[in-house]
Amino acid sequence: MNATPATTAAPEGAGTEAGSSPAPQRVLQRLILPTDASPDIVPLYIEASDARSGASGSSFGLGGGSDRRKDDKTSAQHSSAATVDVSELSERHAVLIPKQSMRSFGTYFNAFPASYWRRWTPVRSIRLTVRTAGSGTLVVMRSTARGSLQRHDSKRVTGTGEHVFELPLTAFGDGGWYWFDAYAGAEDLLIVGAEWTADADLARTEGTFSIAMTTMNKVDYVVDNIRTVAEDPVLRELLDVMYVVDQGADRLGDHPDQVAPLQEDLGEKLRIIEQGNIGGSGGFSRGMYEASTNGTSTYVINCDDDIVIEPESLVRMTTFADFATKPTLVGAHMFDLNNRAVLHTFGEVVDPWRIQPALANTEGQLGHDFAAEPLRSTPWLHRRSDVDYNGWWSCLIPTETVRAIGLSLPVFIKWDDAEYGLRAKKAGYPTVSLPGAGVWHMSWVDKDDLVGWQAYFHERNRIITALLHSPYARGGRVVKESQFMDVKHLISMQYYTEAGRLMAQRDVLEGPDALHPSIGTKLPEIRAMAADFADASAKKDQDAYPPVHVDKPPRKGRPFSQPHRLMLPVWTAKTLAKQLIKPTAPRSAENPQAVVPHLDAKWWRLSAYDSALVSNAEGTQVSWYKRDPQQVREKLARAVGAHLELHRRWAELSGQYRDAAARITSFEAWERTFAENPAPVREQDRAAGGASTGGTATGGTSA
């Protein structure tokens with residue numbers, strides 16, 4: 001089907017006064033169906049059953065109380081929607097409804113997020129236009145912030161026609177959606193297409209975007225994403241340049257059979273830039289820099305490489321940003337790539353007391369499964385979630401924002417997106433996580449990046465974010481929690497992880513001007529330390545280690561359990577005393593005392609052993625943890641010293657980092673870092689008679 005134009009004339013007579021011309025309309029959102037229909041994603045687009053509200057009223061009408069059902073299991077059973085057979089879904093914008101049946105578009109990708117348009121744009125009324133062929137009934141539904149479902153309007157339809165519904169946005173202050181359901185009568189009803197529109201002159205601008213996609217050794221994902229953009233005519237019209245910043249060893253340039261046809265198709269709209277591995281912040285900063293200096297792009301959309309894009313999402317993000325009352329960052333939600341109806345989170349804030357990510361909606365949940373609990377029957381999804389930031393798996397940023405507040409902090413891999421959202425918010429540029437805009441990404445549910453080399457970046461970057469943005473004296477709870485984490489890692493025999501955390505604390509104390517010089521060298525330095533720690537060495541199979549031997553079994557065979565919080569101080573003192581002083585069991589160095597699956601590898605369990613085989617989160621490797629009192633004594637002393645210094649110098653360090661923030665995120669600082677971190681020249685580059693250098697770009701020149 002042909003792409004829907006961004007701006008259309010209003011249907012004759014719709015929303016006009018006598019003698020006046022109809023206001024030109026701009027499409028805000030189109031009805032869409034899956035580009036590659038598979039049963040796991042169908043519930044995000046269309047359902048085949050009526051819904052019952054999951055909301056429950058407040059007692060005696062006095063307000064207050066929870067609107068959540070008391071029996072979540074019962075709620076899930078009643079709210080699970082009948083799925084549509086994928087054989088019915090052969091068109092992108094049209095669907096045939098069999099006679100005597102109904103289809104609902106009150107779904108994640110097809111319901112209209114009215115409260116978000118009400119809050120962040122000047123739009124106060126919208127128009128739903130549905131084109132049909134056949135007989136049946138169209139019912140327009142709406143919801144409240146509580147999740148109550150309300151019938152708004154309906155029309156009987158016959159033959160072929162276009163049906164217009166004028167819909168106010170005045171009552172969506174705290175939440176709520178619009179959608180429509182379609183019921184076929186004695187014959188099939190064809191939904192030819194549907195659009196939600198608003199007066200075009202309400203838009204602040206009509207922008208275009210560049211994409212900044214950072215990649216490292218994920219060629220197939222990137223090629224698929226380039227192809228997705230190339231094959232969508234609306235995206236191509238909006239796209240200025242797709243910048244792919246390649247920081248890997250297996251580069252896109254090594255696969256000309258896959259990349260060359262796409263480069264030929266997109267021409268100057270695809271530019272591949274090779275540079276050294278300076279992390280996500282370095283890759284995204286490069287793309288943001290290019291987009292903000294190319295003279296054409298209104299927005300830059302940061303995207304991870306290992307995502308699957310719903311292409312309409314990028315169109316919706318751009319349209320929403322055009323209508324936003326002020327320049328606004330607009331993010332897409334993340335769905336689980338391996339369980340595609342599962343939403344990671346509906347919106348996140350940074351807890352200011354702890355400087356930790358938290359759900360924007362306290363009644364929400366991580367990992368919501370739309371196949372089990374659809375949108376219409378899940379009350380908390382109807383309340384608007386106002387966020388501090390959006391993950392850079394896909395996030396639109398106005399280039400004027402980039403020019404005003406700078407690029408990412410040079411922090412390599414963690415906290416770059418959250419810190420940027422906080423910085424933008426302080427400068428008057430809000431972030432909106434926009435429902436109906438989503439991508440699929442590998443979930444971190446089955447990963448543990450708080451252990452191993454990434455622990456350094458978690459620790460350092462969180463403390464830096466606190467120094468920059470915490471509203472509390474001495475960072476609220478950050479220093480105390482950091483010390484607790486050190487103790488937990490040490491009593492868990494995770495000495496490599498703790499070595500990285502201690503390095504992070506030391507580097508924070510060195511001040512902000514060390515960040516840029518170390519961005520390309522810190523990861524190799526951390527990984528080089530792994531050779532000194534048994535817990536950093538891993539093998540694929542448990543049988544590669546000696547068999548388990550237990551000198552003294554647990555008392556009465558009881559499993560280890562987490563200490564009660566009232567007993568925690570006493571338990572911690574006893575455990576630390578053991579860790580610091582008590583010699584290890586005689587055979588613990590020759591034989592592990594237990595095999596501990598990753599799910600059971602809690603600090604209170606690992607602390608009971610002198611050695612244990614522990615699997616990683618992915619289930620691919622096993623490490624042998626061995627208790628070492630000398631390591632505990634040395635590292636605990638260093639951790640206590642670092643935290644005492646952090647506590648004592650907090651105000652001074654906070655001033656240093658805040659004073660330096662504009663300088664170290666400036667275009668000029670990043671230009672130097674890009675130049676100092678060219679893509680390494682490999683043997684195969686030399687053999688081919690050329691050398692890749694930083695700033696090398698395919699499909700155009702690079703600054």
# chains A, B, ... in the order shown; residues from 1 in each chain; ligands from 1
>>> residues_around(residues="range 316-326 of chain A", least_positions_apart="3", cutoff="6 Å", atoms="only C-alpha atoms", output="ChimeraX atom specification")
/A:120-121,203-206,313,330
>>> residues_around(residues="Tyr299 in chain A", least_positions_apart="3", cutoff="7 Å", atoms="only C-alpha atoms", output="list in words")
Thr208, Phe209, Ser210, Leu396, Ile397, Pro398 and Thr399 of chain A
>>> atom_distance(atom1="CA of Lys269 in chain A", atom2="CA of Ile405 in chain A")
26.2 Å
>>> closest_residue(among="A:His368, A:Lys426, A:His643, A:Lys582", to="Glu481 in chain A", atoms="only C-alpha atoms")
A:His643
>>> atom_distance(atom1="CA of Arg26 in chain A", atom2="CA of Asn390 in chain A")
26.0 Å
>>> residues_around(residues="Ser623 in chain A", least_positions_apart="5", cutoff="6 Å", atoms="only C-alpha atoms", output="PyMOL selection string")
chain A and resi 535+537-538+613-614
>>> closest_residue(among="A:Ser470, A:Asn616, A:Asn339, A:Gln483", to="Val451 in chain A", atoms="only C-alpha atoms")
A:Asn616
>>> closest_atom_pairs(of="range 496-558 of chain A", to="range 667-690 of chain A", cutoff="8 Å", atoms="only C-alpha atoms", output="Markdown table")
| residue | atom | partner | partner_atom | distance |
| --- | --- | --- | --- | --- |
| A:His516 | CA | A:Thr673 | CA | 6.6 |
| A:Pro517 | CA | A:Thr673 | CA | 7.6 |
| A:Gly520 | CA | A:Asn677 | CA | 6.8 |
>>> write_last_selection(atoms="N, CA and C atoms", output="PDB file, in the first residue's frame")
ATOM      1  N   HIS A 516      37.986  11.670  29.600  1.00  0.00           N
ATOM      2  CA  HIS A 516      38.279  11.586  28.167  1.00  0.00           C
ATOM      3  C   HIS A 516      39.576  10.830  27.879  1.00  0.00           C
ATOM      4  N   PRO A 517      40.689  11.117  28.557  1.00  0.00           N
ATOM      5  CA  PRO A 517      41.931  10.413  28.226  1.00  0.00           C
ATOM      6  C   PRO A 517      41.853   8.907  28.415  1.00  0.00           C
ATOM      7  N   GLY A 520      39.314   5.175  25.953  1.00  0.00           N
ATOM      8  CA  GLY A 520      39.682   4.089  25.058  1.00  0.00           C
ATOM      9  C   GLY A 520      40.621   3.068  25.665  1.00  0.00           C
TER      10      GLY A 520
END
>>> closest_residue(among="A:Ala455, A:Leu238, A:Ile519, A:Leu262", to="Val315 in chain A", atoms="only C-alpha atoms")
A:Leu238
>>> atom_distance(atom1="CA of Gly436 in chain A", atom2="CA of Ile126 in chain A")
16.5 Å
>>> closest_residue(among="A:Asp199, A:Asp600, A:Asp36, A:Glu237", to="Glu166 in chain A", atoms="only C-alpha atoms")
A:Asp199
>>> select_by_dssp(residues="range 355-593 of chain A", states="strand (DSSP E)", output="ChimeraX atom specification")
/A:356-359,368-369,394-398,431-441,538-539
>>> write_last_selection(atoms="N, CA and C atoms", output="mmCIF file, in the first residue's frame")
data_model
loop_
_atom_site.group_PDB
_atom_site.id
_atom_site.type_symbol
_atom_site.label_atom_id
_atom_site.label_comp_id
_atom_site.auth_asym_id
_atom_site.auth_seq_id
_atom_site.Cartn_x
_atom_site.Cartn_y
_atom_site.Cartn_z
ATOM 1 N N GLN A 356 19.317 5.472 41.488
ATOM 2 C CA GLN A 356 19.075 4.182 40.867
ATOM 3 C C GLN A 356 17.844 4.296 39.981
ATOM 4 N N PRO A 357 17.803 3.552 38.850
ATOM 5 C CA PRO A 357 16.588 3.565 38.034
ATOM 6 C C PRO A 357 15.399 3.038 38.832
ATOM 7 N N ALA A 358 14.248 3.628 38.602
ATOM 8 C CA ALA A 358 13.019 3.203 39.272
ATOM 9 C C ALA A 358 11.863 3.361 38.296
ATOM 10 N N LEU A 359 10.796 2.615 38.518
ATOM 11 C CA LEU A 359 9.624 2.727 37.666
ATOM 12 C C LEU A 359 8.954 4.078 37.883
ATOM 13 N N HIS A 368 6.187 -6.672 31.656
ATOM 14 C CA HIS A 368 4.744 -6.877 31.498
ATOM 15 C C HIS A 368 4.464 -7.633 30.205
ATOM 16 N N ASP A 369 3.672 -8.719 30.304
ATOM 17 C CA ASP A 369 3.359 -9.570 29.156
ATOM 18 C C ASP A 369 1.980 -9.193 28.610
ATOM 19 N N SER A 394 16.469 3.232 21.735
ATOM 20 C CA SER A 394 15.885 4.082 20.689
ATOM 21 C C SER A 394 15.326 5.331 21.347
ATOM 22 N N CYS A 395 15.973 6.451 21.097
ATOM 23 C CA CYS A 395 15.557 7.709 21.720
ATOM 24 C C CYS A 395 15.858 8.869 20.794
ATOM 25 N N LEU A 396 14.828 9.650 20.501
ATOM 26 C CA LEU A 396 14.965 10.844 19.656
ATOM 27 C C LEU A 396 15.381 12.026 20.516
ATOM 28 N N ILE A 397 16.373 12.773 20.032
ATOM 29 C CA ILE A 397 16.866 13.961 20.730
ATOM 30 C C ILE A 397 16.901 15.114 19.728
ATOM 31 N N PRO A 398 16.263 16.239 20.037
ATOM 32 C CA PRO A 398 16.373 17.389 19.132
ATOM 33 C C PRO A 398 17.831 17.826 19.003
ATOM 34 N N THR A 431 11.770 14.642 28.707
ATOM 35 C CA THR A 431 11.774 13.375 27.986
ATOM 36 C C THR A 431 10.397 12.734 28.111
ATOM 37 N N VAL A 432 9.913 12.160 27.022
ATOM 38 C CA VAL A 432 8.651 11.421 27.011
ATOM 39 C C VAL A 432 8.933 10.022 26.467
ATOM 40 N N SER A 433 8.579 8.989 27.239
ATOM 41 C CA SER A 433 8.583 7.618 26.720
ATOM 42 C C SER A 433 7.213 7.393 26.092
ATOM 43 N N LEU A 434 7.158 7.320 24.771
ATOM 44 C CA LEU A 434 5.903 7.410 24.030
ATOM 45 C C LEU A 434 5.283 6.037 23.790
ATOM 46 N N PRO A 435 4.118 5.758 24.376
ATOM 47 C CA PRO A 435 3.431 4.510 24.055
ATOM 48 C C PRO A 435 3.097 4.438 22.573
ATOM 49 N N GLY A 436 3.184 3.246 22.017
ATOM 50 C CA GLY A 436 2.958 3.061 20.588
ATOM 51 C C GLY A 436 4.217 3.183 19.777
ATOM 52 N N ALA A 437 5.338 3.499 20.442
ATOM 53 C CA ALA A 437 6.646 3.519 19.780
ATOM 54 C C ALA A 437 7.520 2.497 20.512
ATOM 55 N N GLY A 438 7.903 1.433 19.837
ATOM 56 C CA GLY A 438 8.645 0.381 20.512
ATOM 57 C C GLY A 438 9.621 -0.325 19.598
ATOM 58 N N VAL A 439 10.652 -0.879 20.200
ATOM 59 C CA VAL A 439 11.615 -1.728 19.503
ATOM 60 C C VAL A 439 11.809 -2.992 20.332
ATOM 61 N N TRP A 440 12.340 -4.020 19.696
ATOM 62 C CA TRP A 440 12.658 -5.253 20.397
ATOM 63 C C TRP A 440 14.172 -5.331 20.609
ATOM 64 N N HIS A 441 14.560 -5.655 21.831
ATOM 65 C CA HIS A 441 15.978 -5.678 22.219
ATOM 66 C C HIS A 441 16.187 -6.855 23.154
ATOM 67 N N ALA A 538 36.844 -18.719 33.764
ATOM 68 C CA ALA A 538 35.639 -19.527 33.567
ATOM 69 C C ALA A 538 35.896 -20.645 32.561
ATOM 70 N N LYS A 539 35.169 -21.732 32.752
ATOM 71 C CA LYS A 539 35.210 -22.862 31.823
ATOM 72 C C LYS A 539 33.785 -23.195 31.408
#
>>> closest_residue(among="A:His382, A:Lys414, A:Lys635, A:His344", to="Gly282 in chain A", atoms="only C-alpha atoms")
A:Lys414
>>> closest_residue(among="A:Leu490, A:Ala260, A:Val596, A:Ala544", to="Gln630 in chain A", atoms="only C-alpha atoms")
A:Leu490
>>> residues_around(residues="range 94-99 of chain A", least_positions_apart="3", cutoff="7 Å", atoms="only C-alpha atoms", output="PyMOL selection string")
chain A and resi 88-89+91+102-103+184-193
>>> write_last_selection(atoms="C-alpha atoms", output="short mmCIF file (atom, residue, chain, number, x, y, z; two decimals), in the first residue's frame")
data_model
loop_
_atom_site.label_atom_id
_atom_site.label_comp_id
_atom_site.auth_asym_id
_atom_site.auth_seq_id
_atom_site.Cartn_x
_atom_site.Cartn_y
_atom_site.Cartn_z
CA GLU A 88 -5.57 -12.98 8.52
CA LEU A 89 -2.72 -10.45 8.67
CA GLU A 91 -1.59 -6.26 4.88
CA MET A 102 -15.05 -8.56 16.28
CA ARG A 103 -11.55 -7.15 16.32
CA ALA A 184 -18.68 -7.50 11.49
CA GLY A 185 -22.34 -8.25 10.81
CA ALA A 186 -23.82 -10.81 8.45
CA GLU A 187 -20.90 -10.36 6.06
CA ASP A 188 -17.18 -9.74 6.33
CA LEU A 189 -16.07 -6.24 7.24
CA LEU A 190 -12.87 -4.90 5.73
CA ILE A 191 -10.97 -2.21 7.60
CA VAL A 192 -9.21 -0.51 4.68
CA GLY A 193 -7.23 1.85 6.89
#
>>> select_by_dssp(residues="range 523-622 of chain A", states="helix (DSSP H, G or I)", output="PyMOL selection string")
chain A and resi 523-532+534-536+542-544+555-557+568-581+598-600+603-606
>>> write_last_selection(atoms="C-alpha atoms", output="short mmCIF file (atom, residue, chain, number, x, y, z; two decimals), in the first residue's frame")
data_model
loop_
_atom_site.label_atom_id
_atom_site.label_comp_id
_atom_site.auth_asym_id
_atom_site.auth_seq_id
_atom_site.Cartn_x
_atom_site.Cartn_y
_atom_site.Cartn_z
CA LEU A 523 38.35 -1.46 29.33
CA PRO A 524 41.60 -3.21 28.27
CA GLU A 525 43.07 -2.27 31.66
CA ILE A 526 40.14 -3.81 33.54
CA ARG A 527 40.11 -6.96 31.46
CA ALA A 528 43.86 -7.39 31.92
CA MET A 529 43.27 -7.64 35.69
CA ALA A 530 41.15 -10.77 35.22
CA ALA A 531 44.23 -12.98 34.98
CA ASP A 532 44.95 -12.28 38.67
CA ALA A 534 40.25 -17.14 40.12
CA ASP A 535 36.64 -15.91 40.05
CA ALA A 536 37.31 -14.21 36.69
CA GLN A 542 31.31 -28.08 35.39
CA ASP A 543 33.12 -31.38 34.78
CA ALA A 544 36.28 -29.44 33.89
CA ARG A 555 23.39 -28.21 60.13
CA LYS A 556 20.52 -30.74 59.97
CA GLY A 557 20.65 -30.49 56.18
CA LEU A 568 21.43 -8.62 59.83
CA PRO A 569 23.90 -6.51 61.87
CA VAL A 570 24.87 -9.49 64.05
CA TRP A 571 24.99 -11.82 61.06
CA THR A 572 27.17 -9.38 59.10
CA ALA A 573 29.62 -8.95 61.97
CA LYS A 574 30.01 -12.72 62.38
CA THR A 575 30.34 -13.28 58.66
CA LEU A 576 32.93 -10.54 58.24
CA ALA A 577 34.91 -11.91 61.15
CA LYS A 578 34.97 -15.30 59.46
CA GLN A 579 35.93 -13.77 56.12
CA LEU A 580 38.72 -11.69 57.63
CA ILE A 581 40.24 -14.12 60.14
CA HIS A 598 23.45 -18.38 39.17
CA LEU A 599 19.88 -17.94 40.39
CA ASP A 600 20.96 -19.11 43.83
CA TRP A 603 25.60 -13.02 48.91
CA TRP A 604 24.16 -14.69 51.99
CA ARG A 605 24.58 -18.14 50.44
CA LEU A 606 28.01 -17.72 48.86
#
>>> residues_around(residues="Arg658 in chain A", least_positions_apart="6", cutoff="10 Å", atoms="only C-alpha atoms", output="PyMOL selection string")
chain A and resi 464+467-469+512
>>> decode(residues="range 292-363 of chain A", atoms="C-alpha atoms", output="short mmCIF file (atom, residue, chain, number, x, y, z; two decimals), in the first residue's frame")
data_model
loop_
_atom_site.label_atom_id
_atom_site.label_comp_id
_atom_site.auth_asym_id
_atom_site.auth_seq_id
_atom_site.Cartn_x
_atom_site.Cartn_y
_atom_site.Cartn_z
CA SER A 292 23.93 18.12 14.94
CA THR A 293 26.50 19.57 12.55
CA ASN A 294 25.17 18.32 9.20
CA GLY A 295 22.97 21.39 8.85
CA THR A 296 19.78 19.49 7.98
CA SER A 297 18.56 17.28 10.82
CA THR A 298 15.98 18.50 13.32
CA TYR A 299 16.50 15.37 15.40
CA VAL A 300 18.94 12.55 16.01
CA ILE A 301 17.60 9.13 17.00
CA ASN A 302 20.06 7.09 19.05
CA CYS A 303 19.59 3.37 18.40
CA ASP A 304 21.33 0.26 19.66
CA ASP A 305 22.59 -2.09 16.98
CA ASP A 306 21.01 -5.30 18.29
CA ILE A 307 17.38 -4.21 18.03
CA VAL A 308 14.47 -5.05 15.77
CA ILE A 309 12.66 -1.85 14.80
CA GLU A 310 8.95 -1.39 14.37
CA PRO A 311 9.46 1.20 11.59
CA GLU A 312 6.28 3.13 12.37
CA SER A 313 7.78 3.90 15.79
CA LEU A 314 10.37 6.26 14.32
CA VAL A 315 7.63 8.08 12.40
CA ARG A 316 5.51 8.46 15.55
CA MET A 317 8.43 9.69 17.62
CA THR A 318 9.22 12.33 15.00
CA THR A 319 5.60 13.43 14.68
CA PHE A 320 5.18 13.72 18.45
CA ALA A 321 8.40 15.75 18.69
CA ASP A 322 7.12 18.08 15.95
CA PHE A 323 3.93 18.75 17.92
CA ALA A 324 5.57 18.96 21.35
CA THR A 325 5.08 22.35 22.99
CA LYS A 326 8.84 22.67 23.53
CA PRO A 327 11.82 20.72 22.16
CA THR A 328 11.41 17.29 23.73
CA LEU A 329 13.33 14.02 23.84
CA VAL A 330 11.00 11.23 22.69
CA GLY A 331 11.84 7.62 23.50
CA ALA A 332 10.57 4.26 22.33
CA HIS A 333 9.75 1.46 24.74
CA MET A 334 11.79 -1.74 24.78
CA PHE A 335 10.25 -5.17 24.23
CA ASP A 336 12.03 -8.47 24.87
CA LEU A 337 13.54 -9.78 21.65
CA ASN A 338 13.13 -13.39 22.81
CA ASN A 339 9.61 -12.96 24.23
CA ARG A 340 8.17 -10.32 22.00
CA ALA A 341 4.93 -9.50 23.78
CA VAL A 342 6.84 -8.64 26.97
CA LEU A 343 7.49 -4.96 27.69
CA HIS A 344 10.63 -4.21 29.71
CA THR A 345 9.28 -1.08 31.40
CA PHE A 346 6.65 1.57 30.65
CA GLY A 347 8.84 4.42 31.84
CA GLU A 348 11.71 5.10 34.22
CA VAL A 349 12.89 7.80 36.57
CA VAL A 350 16.08 8.12 38.60
CA ASP A 351 15.42 7.76 42.33
CA PRO A 352 17.10 10.96 43.61
CA TRP A 353 17.90 9.51 47.06
CA ARG A 354 19.60 6.37 45.75
CA ILE A 355 20.53 7.41 42.17
CA GLN A 356 19.07 4.18 40.87
CA PRO A 357 16.59 3.56 38.03
CA ALA A 358 13.02 3.20 39.27
CA LEU A 359 9.62 2.73 37.67
CA ALA A 360 7.90 6.02 36.89
CA ASN A 361 4.58 4.41 37.86
CA THR A 362 4.90 2.77 41.27
CA GLU A 363 2.03 0.39 40.44
#
